[in-house]
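Enquirer: Here it is: the structure, laid out below.
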Amino acid sequence: MNISIKQLFGRKPKSSSIAKQRLKLVITQDRFDVDDRVMTRLHHELAEVLAKYFEFSANSIKMDLKQEGNSYILVADFPYTKFHNTNMGQ
Amino acid sequence: MGKVIVVTSGKGGVGKTTSTANLGTALALLGKSVVVVDADVGLRNLDIVMGLESRIVYTSMDVIEKQCELAKALVRDRRVDGLMLLAASQKNNKDDIQPEQMKAICDKLRTTHDFVLVDSPAGIERGFSNASAGADEAIVVTTPDVSAIRDADRIIGLLQNAQIEPINLVLNRFSAQLVGNGSMMDQADVLDILNIDLIGVVPEDSGVITSTNRGIPLVYEDASPGAQAYMRIARRLTGQRIPIPDLEDKGLFSNIVKWFTRNR
């Protein structure tokens, strides 16, 4: 029984519950949105570390933030052309 | 050793200065020694809200520039024992003060007083960093509307990064009637979003306007609902455990509607 009397009579949803829903969404974004400068720095630092192990072109790395429910996922794709086997065991 | 508490909000106009004036006065009425500090350099208002505007001689800027001793810059509120105001300079701006200088003032004040309440300016810039630099704890004031709550969440994040703890919420200008007809978020909604501890709910009270007009903090009028709410918050700040009363007195019809809609 999730249908309330008000819904049966075709009343609009309360503005307070709309406010709460909108706030929850925007605050989740505010909390997880990463500063562009931070993303650029992370991009450079990741490329630096990855270059020790792989051969790739630095601007082929793609980074993205994805939202799943209440959490955010940082996704980084880097197509590499070669793995530096010589680094093994050092 | 006294506590330094920053009163802040992010958004302007939600009642930081009113809350600072009333909580400072309330704590003094409870027998504590209190300094209220206006950290809104260039846009000072705590003095006029408290009715002390004609008695300001020195400001925190004069103390920082060593024009006068800290003790001499404090204005004594003659209506109650143990309440002092440290005014902000009106002719300087926020960048003229460094966070470390504000911290030094707060650290000195806490050696001689039980409570130091710092009234923060709106915003997340220098004025806020100055106001919170010397704080152990924070009171975040918000009203139950989307912009104030969103800004409160930003401020809470910054306070957490600065390891200021606890952060207590004052929900201001609350209207049981508007909550009752579904046009205002209730305290549970706000707490669900902000996820910090509630220290009090202050109802919408027209007495705030008249008391500000007169320069007499509301807490001197015992009977007003706003005054009672601020007195309860002050008692909680002193460590007393006082439950937060349910302000949702909505009348019979609203309660019937609520009963039908509570499963939504």
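In the structure tokens, the first chain shown is A, the next is B, and so on; residue numbers restart at 1 for each chain, and ligands run from 1 in the order shown.
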Run DSSP on the backbone and tell me which residues of range 6-87 of chain A come out as helix (DSSP H, G or I); list them as number ranges by chain.

Expert: A: 6-8, 15-32, 36-50, 58-60, 85-87

Enquirer: Hey, what's within 9 Å of Asp64 in chain A if we count only C-alpha atoms and toss same-chain stuff fewer than 6 positions away? As a list in words, please?

Expert: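 Contacts, with the query itself left out: Ile73, Leu74, Val75, Ala76 and Asp77 of chain A.
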
Enquirer: Write the residues of the selection above to a file with all heavy atoms, as a PDB file, in the first residue's frame.

Expert:
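Final file, selection_6.pdb:
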ATOM      1  N   ILE A  73      32.815   6.894  -8.878  1.00  0.00           N
ATOM      2  CA  ILE A  73      33.902   5.998  -9.262  1.00  0.00           C
ATOM      3  C   ILE A  73      34.828   6.751 -10.203  1.00  0.00           C
ATOM      4  O   ILE A  73      34.377   7.399 -11.149  1.00  0.00           O
ATOM      5  CB  ILE A  73      33.345   4.749  -9.977  1.00  0.00           C
ATOM      6  CG1 ILE A  73      32.332   4.026  -9.074  1.00  0.00           C
ATOM      7  CG2 ILE A  73      34.468   3.809 -10.372  1.00  0.00           C
ATOM      8  CD1 ILE A  73      31.534   2.981  -9.815  1.00  0.00           C
ATOM      9  N   LEU A  74      36.124   6.678  -9.888  1.00  0.00           N
ATOM     10  CA  LEU A  74      37.107   7.276 -10.782  1.00  0.00           C
ATOM     11  C   LEU A  74      37.538   6.213 -11.781  1.00  0.00           C
ATOM     12  O   LEU A  74      38.064   5.168 -11.400  1.00  0.00           O
ATOM     13  CB  LEU A  74      38.308   7.779  -9.975  1.00  0.00           C
ATOM     14  CG  LEU A  74      39.480   8.329 -10.785  1.00  0.00           C
ATOM     15  CD1 LEU A  74      39.102   9.609 -11.505  1.00  0.00           C
ATOM     16  CD2 LEU A  74      40.669   8.563  -9.887  1.00  0.00           C
ATOM     17  N   VAL A  75      37.278   6.472 -13.063  1.00  0.00           N
ATOM     18  CA  VAL A  75      37.633   5.506 -14.100  1.00  0.00           C
ATOM     19  C   VAL A  75      38.762   6.087 -14.946  1.00  0.00           C
ATOM     20  O   VAL A  75      38.654   7.208 -15.438  1.00  0.00           O
ATOM     21  CB  VAL A  75      36.420   5.205 -15.016  1.00  0.00           C
ATOM     22  CG1 VAL A  75      36.767   4.112 -16.012  1.00  0.00           C
ATOM     23  CG2 VAL A  75      35.213   4.813 -14.192  1.00  0.00           C
ATOM     24  N   ALA A  76      39.852   5.349 -15.074  1.00  0.00           N
ATOM     25  CA  ALA A  76      40.956   5.806 -15.920  1.00  0.00           C
ATOM     26  C   ALA A  76      41.258   4.738 -16.964  1.00  0.00           C
ATOM     27  O   ALA A  76      41.480   3.578 -16.641  1.00  0.00           O
ATOM     28  CB  ALA A  76      42.179   6.083 -15.058  1.00  0.00           C
ATOM     29  N   ASP A  77      41.229   5.122 -18.240  1.00  0.00           N
ATOM     30  CA  ASP A  77      41.577   4.212 -19.353  1.00  0.00           C
ATOM     31  C   ASP A  77      42.914   4.628 -19.897  1.00  0.00           C
ATOM     32  O   ASP A  77      43.122   5.800 -20.208  1.00  0.00           O
ATOM     33  CB  ASP A  77      40.552   4.360 -20.479  1.00  0.00           C
ATOM     34  CG  ASP A  77      39.251   3.654 -20.148  1.00  0.00           C
ATOM     35  OD1 ASP A  77      39.327   2.585 -19.521  1.00  0.00           O
ATOM     36  OD2 ASP A  77      38.190   4.183 -20.513  1.00  0.00           O
TER      37      ASP A  77
END

Enquirer: Give me, as a list in words, the residues of chain A that a backbone DSSP run labels strand (DSSP E).

Expert: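 Listing strand (DSSP E) positions across chain A yields Phe54, Glu55, Lys62, Met63, Asp64, Leu65, Lys66, Gln67, Glu68, Ser71, Tyr72, Ile73, Leu74, Val75, Ala76, Asp77, Lys82 and Phe83 of chain A.
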
Enquirer: Name all residues at most 8 Å from Thr81 in chain A (count only C-alpha atoms; drop same-chain ones fewer than 3 positions away) and give them as a list in words.

Expert: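 The filter keeps Phe54, Glu55 and Phe56 of chain A.
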
Enquirer: Generate the output file for the selected residues, N, CA and C atoms, as a compact mmCIF listing (two decimals), in the first residue's frame.

Expert:
# COMPACT_ATOMS: atom_id res chain seq x y z
N PHE A 54 54.90 0.89 -18.58
CA PHE A 54 54.25 0.73 -19.89
C PHE A 54 54.74 1.78 -20.88
N GLU A 55 54.55 1.44 -22.15
CA GLU A 55 54.79 2.42 -23.19
C GLU A 55 53.43 2.88 -23.70
N PHE A 56 53.19 4.16 -23.69
CA PHE A 56 51.90 4.69 -24.16
C PHE A 56 52.06 6.17 -24.45

Enquirer: Quote the spacing between CA of Met1 in chain B and CA of Val116 in chain B in Å to one decimal place.

Expert: 10.6 Å

Enquirer: Residues of chain B near chain A: apply a cut-off of 6 Å, count only C-alpha atoms, and supply the list as number ranges by chain.

Expert: B: 182-185, 261

Enquirer: Could you save those same residues with N, CA, C and O atoms as a JSON list (two decimals), in the first residue's frame?

Expert:
[["chain", "number", "residue", "atom", "x", "y", "z"],
["B", 182, "GLY", "N", 3.49, 20.66, 4.69],
["B", 182, "GLY", "CA", 4.37, 20.07, 3.69],
["B", 182, "GLY", "C", 5.16, 21.07, 2.87],
["B", 182, "GLY", "O", 5.75, 20.73, 1.85],
["B", 183, "SER", "N", 5.22, 22.35, 3.31],
["B", 183, "SER", "CA", 6.01, 23.32, 2.53],
["B", 183, "SER", "C", 7.38, 23.60, 3.13],
["B", 183, "SER", "O", 8.10, 24.44, 2.62],
["B", 184, "MET", "N", 7.72, 22.92, 4.22],
["B", 184, "MET", "CA", 9.06, 23.12, 4.79],
["B", 184, "MET", "C", 9.61, 21.76, 5.24],
["B", 184, "MET", "O", 8.87, 20.95, 5.79],
["B", 185, "MET", "N", 10.91, 21.57, 4.99],
["B", 185, "MET", "CA", 11.54, 20.33, 5.46],
["B", 185, "MET", "C", 11.56, 20.32, 6.98],
["B", 185, "MET", "O", 11.75, 21.36, 7.60],
["B", 261, "THR", "N", -0.42, 9.68, 5.15],
["B", 261, "THR", "CA", 0.65, 9.83, 4.17],
["B", 261, "THR", "C", 1.99, 9.32, 4.68],
["B", 261, "THR", "O", 2.98, 9.41, 3.99]]

Enquirer: Find the distance between CA of Asp38 in chain B and CA of Ala138 in chain B and write it in Å to one decimal.

Expert: 14.9 Å
